[in-house]
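As provided, query_22.pdb (PDB, C-alpha atoms) reads as follows.
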```pdb
ATOM      1  CA  MET A  23     -26.733 -26.659  40.478
ATOM      2  CA  ASP A  24     -30.237 -26.631  39.070
ATOM      3  CA  ASP A  25     -30.980 -23.401  40.866
ATOM      4  CA  ALA A  26     -27.941 -21.742  39.347
ATOM      5  CA  ALA A  27     -28.857 -22.524  35.720
ATOM      6  CA  PRO A  28     -31.441 -19.751  35.103
ATOM      7  CA  PHE A  29     -29.251 -17.291  36.918
ATOM      8  CA  MET A  30     -26.349 -18.157  34.622
ATOM      9  CA  LEU A  31     -28.627 -17.894  31.596
ATOM     10  CA  LEU A  32     -29.435 -14.341  32.620
ATOM     11  CA  LEU A  33     -25.861 -13.508  33.442
ATOM     12  CA  MET A  34     -24.270 -14.759  30.223
ATOM     13  CA  PRO A  35     -25.620 -12.028  27.879
ATOM     14  CA  ILE A  36     -24.749  -9.384  30.435
ATOM     15  CA  ILE A  37     -21.181 -10.645  30.650
ATOM     16  CA  TRP A  38     -21.071 -10.782  26.865
ATOM     17  CA  LEU A  39     -22.280  -7.191  26.553
ATOM     18  CA  VAL A  40     -19.781  -5.953  29.122
ATOM     19  CA  MET A  41     -16.952  -7.769  27.369
ATOM     20  CA  LEU A  42     -18.092  -6.240  24.087
ATOM     21  CA  ALA A  43     -18.066  -2.737  25.521
ATOM     22  CA  VAL A  44     -14.658  -3.330  27.083
ATOM     23  CA  ILE A  45     -13.270  -4.426  23.705
ATOM     24  CA  ILE A  46     -15.073  -1.874  21.513
ATOM     25  CA  PHE A  47     -14.268   1.228  23.546
ATOM     26  CA  PRO A  48     -10.434   1.254  23.151
ATOM     27  CA  HIS A  49     -10.690   0.233  19.512
ATOM     28  CA  TRP A  50     -13.092   3.118  18.914
ATOM     29  CA  LYS A  51     -10.418   5.431  20.309
ATOM     30  CA  ILE A  52      -7.629   3.783  18.301
ATOM     31  CA  PHE A  53      -9.549   4.046  15.014
ATOM     32  CA  GLN A  54     -10.355   7.675  15.722
ATOM     33  CA  ARG A  55      -6.759   8.552  16.465
ATOM     34  CA  ALA A  56      -5.674   6.845  13.262
ATOM     35  CA  GLY A  57      -7.996   9.179  11.392
ATOM     36  CA  TYR A  58     -10.866   6.791  10.742
ATOM     37  CA  SER A  59     -14.389   6.835  12.102
ATOM     38  CA  GLY A  60     -14.632   5.320  15.546
ATOM     39  CA  ALA A  61     -17.837   3.598  14.499
ATOM     40  CA  MET A  62     -15.683   1.198  12.491
ATOM     41  CA  SER A  63     -14.887  -0.527  15.783
ATOM     42  CA  LEU A  64     -18.489  -1.773  15.845
ATOM     43  CA  LEU A  65     -17.515  -4.143  13.037
ATOM     44  CA  LEU A  66     -15.362  -5.969  15.572
ATOM     45  CA  ILE A  67     -18.573  -7.455  16.984
ATOM     46  CA  LEU A  68     -18.975  -9.647  13.911
ATOM     47  CA  PRO A  69     -16.982 -12.884  14.246
ATOM     48  CA  LEU A  70     -15.033 -13.153  10.985
ATOM     49  CA  VAL A  71     -15.307  -9.520   9.982
ATOM     50  CA  ASN A  72     -13.206  -8.478  12.963
ATOM     51  CA  ILE A  73     -10.172 -10.356  11.606
ATOM     52  CA  ILE A  74     -10.625  -8.695   8.196
ATOM     53  CA  VAL A  75     -11.016  -5.255   9.785
ATOM     54  CA  MET A  76      -7.896  -5.681  11.910
ATOM     55  CA  PHE A  77      -5.896  -6.904   8.885
ATOM     56  CA  TRP A  78      -7.089  -3.936   6.871
ATOM     57  CA  PHE A  79      -6.327  -1.546   9.705
ATOM     58  CA  ALA A  80      -2.834  -2.964  10.195
ATOM     59  CA  PHE A  81      -1.804  -2.730   6.567
ATOM     60  CA  THR A  82      -3.373   0.450   5.153
ATOM     61  CA  GLU A  83      -2.121   3.986   5.298
ATOM     62  CA  TRP A  84      -3.795   5.882   8.132
ATOM     63  CA  PRO A  85      -5.214   9.321   7.297
ATOM     64  CA  ALA A  86      -3.729  10.791  10.490
ATOM     65  CA  LEU A  87      -0.214   9.812   9.414
ATOM     66  CA  ARG A  88      -0.568  11.073   5.860
ATOM     67  CA  GLY A  89       1.317  14.335   6.371
ATOM     68  CA  ARG A  90       4.320  12.597   7.852
ATOM     69  CA  GLN A  91       7.657  13.972   6.699
ATOM     70  CA  GLY A  92      10.415  11.553   5.787
ATOM     71  CA  GLY A  93      10.894   7.980   6.845
ATOM     72  CA  LEU A  94       8.337   5.352   6.107
ATOM     73  CA  ARG A  95       5.241   6.208   4.209
TER      74      ARG A  95
ATOM     75  CA  MET B  18     -15.677 -58.357  19.227
ATOM     76  CA  ASN B  19     -12.732 -59.575  17.203
ATOM     77  CA  PRO B  20      -9.311 -58.373  18.202
ATOM     78  CA  GLU B  21      -8.791 -57.114  14.652
ATOM     79  CA  ASP B  22     -11.959 -55.046  14.837
ATOM     80  CA  ALA B  23     -10.910 -53.616  18.129
ATOM     81  CA  VAL B  24      -7.536 -52.629  16.731
ATOM     82  CA  GLY B  25      -9.220 -51.039  13.706
ATOM     83  CA  ALA B  26     -11.585 -49.083  15.914
ATOM     84  CA  MET B  27      -8.683 -47.930  18.040
ATOM     85  CA  GLY B  28      -6.834 -46.787  14.937
ATOM     86  CA  ALA B  29      -9.839 -44.872  13.666
ATOM     87  CA  LEU B  30     -10.319 -43.265  17.061
ATOM     88  CA  GLY B  31      -6.646 -42.385  17.180
ATOM     89  CA  GLY B  32      -6.863 -40.781  13.747
ATOM     90  CA  LEU B  33      -9.910 -38.799  14.760
ATOM     91  CA  LEU B  34      -8.198 -37.652  17.925
ATOM     92  CA  ALA B  35      -5.074 -36.658  16.041
ATOM     93  CA  GLY B  36      -7.151 -34.760  13.498
ATOM     94  CA  GLY B  37      -8.992 -32.932  16.244
ATOM     95  CA  LEU B  38      -5.737 -32.156  17.964
ATOM     96  CA  VAL B  39      -4.322 -30.662  14.772
ATOM     97  CA  VAL B  40      -7.429 -28.526  14.290
ATOM     98  CA  VAL B  41      -7.277 -27.303  17.872
ATOM     99  CA  LEU B  42      -3.576 -26.567  17.581
ATOM    100  CA  VAL B  43      -4.084 -24.595  14.382
ATOM    101  CA  MET B  44      -6.941 -22.664  15.967
ATOM    102  CA  ILE B  45      -4.851 -21.856  19.010
ATOM    103  CA  LEU B  46      -2.004 -20.748  16.790
ATOM    104  CA  VAL B  47      -4.271 -18.544  14.673
ATOM    105  CA  MET B  48      -6.093 -17.056  17.644
ATOM    106  CA  ALA B  49      -2.881 -16.418  19.562
ATOM    107  CA  ILE B  50      -0.406 -15.529  16.818
ATOM    108  CA  LEU B  51      -2.648 -13.445  14.560
ATOM    109  CA  PRO B  52      -3.332 -10.700  17.132
ATOM    110  CA  VAL B  53       0.381 -10.537  17.881
ATOM    111  CA  ILE B  54       1.223 -10.009  14.201
ATOM    112  CA  LEU B  55      -1.549  -7.475  13.608
ATOM    113  CA  TYR B  56      -0.947  -5.482  16.786
ATOM    114  CA  TRP B  57       2.814  -5.592  16.199
ATOM    115  CA  LYS B  58       2.150  -3.856  12.901
ATOM    116  CA  ILE B  59      -0.368  -1.421  14.391
ATOM    117  CA  ILE B  60       1.788  -0.531  17.400
ATOM    118  CA  SER B  61       4.846   0.054  15.233
ATOM    119  CA  LYS B  62       2.754   2.269  12.948
ATOM    120  CA  THR B  63       1.886   4.458  15.926
ATOM    121  CA  GLY B  64       5.608   4.971  16.473
ATOM    122  CA  ASN B  65       5.847   2.720  19.511
ATOM    123  CA  ALA B  66       7.850  -0.497  19.892
ATOM    124  CA  GLY B  67       6.247  -3.338  17.953
ATOM    125  CA  PRO B  68       7.413  -6.125  20.319
ATOM    126  CA  ILE B  69       4.936  -4.763  22.895
ATOM    127  CA  ALA B  70       2.449  -6.827  20.881
ATOM    128  CA  LEU B  71       3.990  -9.975  22.340
ATOM    129  CA  LEU B  72       2.147  -9.093  25.548
ATOM    130  CA  MET B  73      -1.037  -9.901  23.642
ATOM    131  CA  LEU B  74      -0.238 -13.576  24.299
ATOM    132  CA  ILE B  75      -0.992 -13.147  28.018
ATOM    133  CA  PRO B  76      -4.742 -13.375  28.734
ATOM    134  CA  LEU B  77      -5.585 -10.265  30.764
ATOM    135  CA  VAL B  78      -2.523  -8.295  29.765
ATOM    136  CA  ASN B  79      -3.772  -8.115  26.181
ATOM    137  CA  LEU B  80      -6.652  -5.902  27.356
ATOM    138  CA  ILE B  81      -4.177  -3.647  29.120
ATOM    139  CA  VAL B  82      -2.125  -3.438  25.919
ATOM    140  CA  ILE B  83      -5.170  -2.412  23.894
ATOM    141  CA  TYR B  84      -6.135   0.260  26.438
ATOM    142  CA  TRP B  85      -2.554   1.454  26.597
ATOM    143  CA  LEU B  86      -2.514   1.765  22.808
ATOM    144  CA  ALA B  87      -5.767   3.736  22.850
ATOM    145  CA  PHE B  88      -4.554   6.318  25.340
ATOM    146  CA  ALA B  89      -0.757   6.345  25.115
ATOM    147  CA  ASP B  90       1.242   8.853  23.135
ATOM    148  CA  TRP B  91       1.630   8.044  19.439
ATOM    149  CA  PRO B  92       5.012   9.459  18.360
ATOM    150  CA  ALA B  93       4.102   8.969  14.705
ATOM    151  CA  LEU B  94       1.227  11.433  15.113
ATOM    152  CA  ARG B  95       3.625  14.065  16.425
ATOM    153  CA  GLN B  96       5.714  13.743  13.288
ATOM    154  CA  ALA B  97       2.655  13.809  11.111
ATOM    155  CA  GLY B  98       1.182  16.894  12.778
ATOM    156  CA  GLY B  99      -2.007  15.805  11.110
ATOM    157  CA  ALA B 100      -4.940  14.611  13.117
ATOM    158  CA  TYR B 101      -4.336  16.537  16.327
ATOM    159  CA  PRO B 102      -2.644  19.790  15.410
ATOM    160  CA  SER B 103      -4.109  21.632  18.397
ATOM    161  CA  GLN B 104      -3.297  19.056  21.060
ATOM    162  CA  PRO B 105      -1.987  20.963  24.073
ATOM    163  CA  GLY B 106       1.341  19.974  25.520
ATOM    164  CA  MET B 107       2.540  18.412  22.316
ATOM    165  CA  TYR B 108       6.288  18.272  22.006
ATOM    166  CA  PRO B 109       7.659  19.234  19.611
ATOM    167  CA  PRO B 110       4.852  21.659  18.840
ATOM    168  CA  PRO B 111       3.338  21.298  15.394
ATOM    169  CA  MET B 112       4.944  23.353  12.666
ATOM    170  CA  PRO B 113       2.858  26.434  11.889
ATOM    171  CA  GLN B 114       1.515  26.216   8.410
ATOM    172  CA  GLN B 115       2.700  29.344   6.590
ATOM    173  CA  GLN B 116      -0.012  30.724   4.394
ATOM    174  CA  TYR B 117       1.266  32.749   1.487
ATOM    175  CA  PRO B 118      -1.168  35.136  -0.194
ATOM    176  CA  PRO B 119      -1.679  34.380  -3.858
ATOM    177  CA  GLN B 120       0.441  36.815  -5.852
ATOM    178  CA  GLN B 121      -0.159  38.044  -9.332
ATOM    179  CA  TYR B 122       3.111  38.749 -11.086
ATOM    180  CA  THR B 123       3.061  41.954 -13.068
ATOM    181  CA  PRO B 124       6.284  42.726 -14.902
ATOM    182  CA  PRO B 125       7.622  46.294 -14.982
ATOM    183  CA  PRO B 126       6.659  48.162 -18.126
ATOM    184  CA  ASP B 127      10.128  47.979 -19.641
ATOM    185  CA  LYS B 128      10.101  44.194 -19.285
ATOM    186  CA  ALA B 129       6.525  43.643 -20.338
ATOM    187  CA  TYR B 130       5.938  41.340 -23.247
ATOM    188  CA  GLN B 131       5.892  43.047 -26.593
ATOM    189  CA  GLN B 132       4.829  41.599 -29.856
ATOM    190  CA  PRO B 133       8.012  41.097 -31.854
ATOM    191  CA  PRO B 134       8.023  42.942 -35.218
ATOM    192  CA  SER B 135       6.780  40.676 -37.898
ATOM    193  CA  GLN B 136       9.473  39.348 -40.161
ATOM    194  CA  PHE B 137       6.993  38.248 -42.783
ATOM    195  CA  GLN B 138       6.799  40.457 -45.805
ATOM    196  CA  PRO B 139       4.514  39.093 -48.500
ATOM    197  CA  ASP B 140       5.991  39.166 -51.973
ATOM    198  CA  PRO B 141       3.615  41.338 -53.965
ATOM    199  CA  ALA B 142       4.492  39.477 -57.159
ATOM    200  CA  ARG B 143       3.414  36.117 -55.728
ATOM    201  CA  PHE B 144       0.739  37.170 -53.290
ATOM    202  CA  GLN B 145      -2.746  37.390 -54.729
ATOM    203  CA  PRO B 146      -5.429  38.787 -52.490
ATOM    204  CA  PRO B 147      -8.425  36.489 -52.224
ATOM    205  CA  PRO B 148     -11.264  37.276 -54.578
ATOM    206  CA  SER B 149     -13.736  39.554 -52.941
ATOM    207  CA  ALA B 150     -17.093  38.222 -51.850
ATOM    208  CA  PRO B 151     -19.735  38.058 -54.600
ATOM    209  CA  ALA B 152     -21.669  41.257 -54.839
ATOM    210  CA  ALA B 153     -25.045  39.582 -54.997
ATOM    211  CA  GLN B 154     -25.690  38.008 -51.641
ATOM    212  CA  ALA B 155     -27.655  34.796 -51.522
ATOM    213  CA  PHE B 156     -29.383  35.791 -48.296
ATOM    214  CA  MET B 157     -30.903  38.733 -46.496
ATOM    215  CA  PHE B 158     -31.938  39.607 -42.982
ATOM    216  CA  CYS B 159     -35.385  40.204 -41.607
ATOM    217  CA  GLY B 160     -36.048  43.852 -40.716
ATOM    218  CA  ASN B 161     -38.077  42.885 -37.659
ATOM    219  CA  CYS B 162     -36.242  40.100 -35.917
ATOM    220  CA  GLY B 163     -32.944  39.933 -37.798
ATOM    221  CA  SER B 164     -33.107  36.281 -38.754
ATOM    222  CA  LYS B 165     -31.324  35.105 -41.868
ATOM    223  CA  LEU B 166     -33.586  34.569 -44.843
ATOM    224  CA  PRO B 167     -33.095  33.615 -48.474
ATOM    225  CA  ALA B 168     -32.652  36.607 -50.717
ATOM    226  CA  GLY B 169     -35.813  38.129 -52.052
ATOM    227  CA  SER B 170     -38.050  36.964 -49.209
ATOM    228  CA  GLN B 171     -41.055  39.119 -48.561
ATOM    229  CA  PHE B 172     -42.114  37.570 -45.303
ATOM    230  CA  CYS B 173     -39.949  36.319 -42.489
ATOM    231  CA  THR B 174     -40.086  32.617 -41.717
ATOM    232  CA  ASN B 175     -39.201  33.326 -38.118
ATOM    233  CA  CYS B 176     -41.469  36.148 -36.999
ATOM    234  CA  GLY B 177     -43.960  36.168 -39.836
ATOM    235  CA  GLY B 178     -43.723  39.916 -40.468
ATOM    236  CA  ARG B 179     -42.788  41.688 -43.632
ATOM    237  CA  THR B 180     -39.060  41.726 -44.209
ATOM    238  CA  SER B 181     -38.805  45.392 -45.236
TER     239      SER B 181
END
```
Take the structure I supplied and represent it as structure tokens, if you would.
Amino acid sequence: MDDAAPFMLLLMPIIWLVMLAVIIFPHWKIFQRAGYSGAMSLLLILPLVNIIVMFWFAFTEWPALRGRQGGLR
Amino acid sequence: MNPEDAVGAMGALGGLLAGGLVVVLVMILVMAILPVILYWKIISKTGNAGPIALLMLIPLVNLIVIYWLAFADWPALRQAGGAYPSQPGMYPPPMPQQQYPPQQYTPPPDKAYQQPPSQFQPDPARFQPPPSAPAAQAFMFCGNCGSKLPAGSQFCTNCGGRTS
């Protein structure tokens, strides 16, 4: 158990980075397709900001859907 | 330890536990329900079925949902024809934007605008022409530079030369 501790300490940031990349990448694509900059997905790294960003993204008009004819606006 | 004290300590511990439980429950609710609400909205905005967001409740499936959303077809974009107008294989294909050249309308000569004949005829008995300007002008112009000077000036205040 004592031997595993430094190994885990090294592994944790790597796992964290991989998880981050796995989360950021699809959101980058989603933001881009909605007509926003993909770099906005980097805000999802920040703990409370991510909730605000997702709220904002869910409830604003997307530039890519602006020219939509009929139906919801 | 008195029995009363023990009971009091138990009660305090119970309260603390209950409080912690409530906090944890609220956190679980927020962390589980909030993504469902937000992604429901986002997925329905893309033109897909909002209830797909319920899959966000399942631990690894939520990642699959996010990746699916990133790469799946967005029917709303097809209607918009906005962000990806040149996407190949789009059905229905985007409507071609008809560009009309700017046109200047010039009416034919017989329909061109003509000044209507004036209906106003001044009554010579009542109309007095304005008195003509006084003969003696209160100013003159410099012969060199043309600036306006008081009458009778010999030198120009602008260029300094003689006015004549």
Seminar exercise, completed: With distances taken over all atoms listed in the file, the candidate from B:Leu55, B:Leu74, B:Cys159, B:Ala168 nearest chain A is B:Leu55
Problem set entry | A:Val40, A:Met62, A:Met30, A:Ile46 ranked by distance to chain B, top pick (using all atoms listed in the file) | A:Ile46
Exercise. Need the neighbours of (-3.5, -3.2, 7.5): which residues are at most 12 Å away, counting all atoms listed in the file, as a list of chain:residue names?
Worked result: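 Returned residue set, sorted by chain then number, is A:Ala56, A:Ile73, A:Ile74, A:Val75, A:Met76, A:Phe77, A:Trp78, A:Phe79, A:Ala80, A:Phe81, A:Thr82, A:Glu83, A:Trp84, B:Ile54, B:Leu55, B:Tyr56, B:Trp57, B:Lys58, B:Ile59, B:Ile60, B:Ser61, B:Lys62.
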Problem set entry | Contacts of Phe156 (chain B) within 10 Å, all atoms listed in the file, excl. fewer than 5 positions in-chain, as a list of chain:residue names |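 Answer for this query is B:Lys165, B:Leu166, B:Pro167, B:Ala168, B:Gly169, B:Ser170.
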Exercise. By how many Å are CA of Trp85 (chain B) and CA of Ala43 (chain A) apart?
Worked result: 16.1 Å
For this session: Please measure the separation of CA of Thr63 (chain B) and CA of Leu87 (chain A), giving the value in Å to one decimal.
Result: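 For CA of Thr63 (chain B) relative to CA of Leu87 (chain A), the distance reads 8.7 Å.
Taking CA of Gly37 (chain B) and CA of Leu51 (chain B) as endpoints, the distance between them is 20.6 Å.
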Would you place a box with edges along x, y and z of the file around all atoms of region 71-80 of chain A listed there, add 6 Å to each of its six sides, and report the centre and edge lengths in Å to one decimal, as JSON?
```
{"center_x": -9.1, "center_y": -6.0, "center_z": 9.9, "size_x": 24.5, "size_y": 20.8, "size_z": 18.1}
```
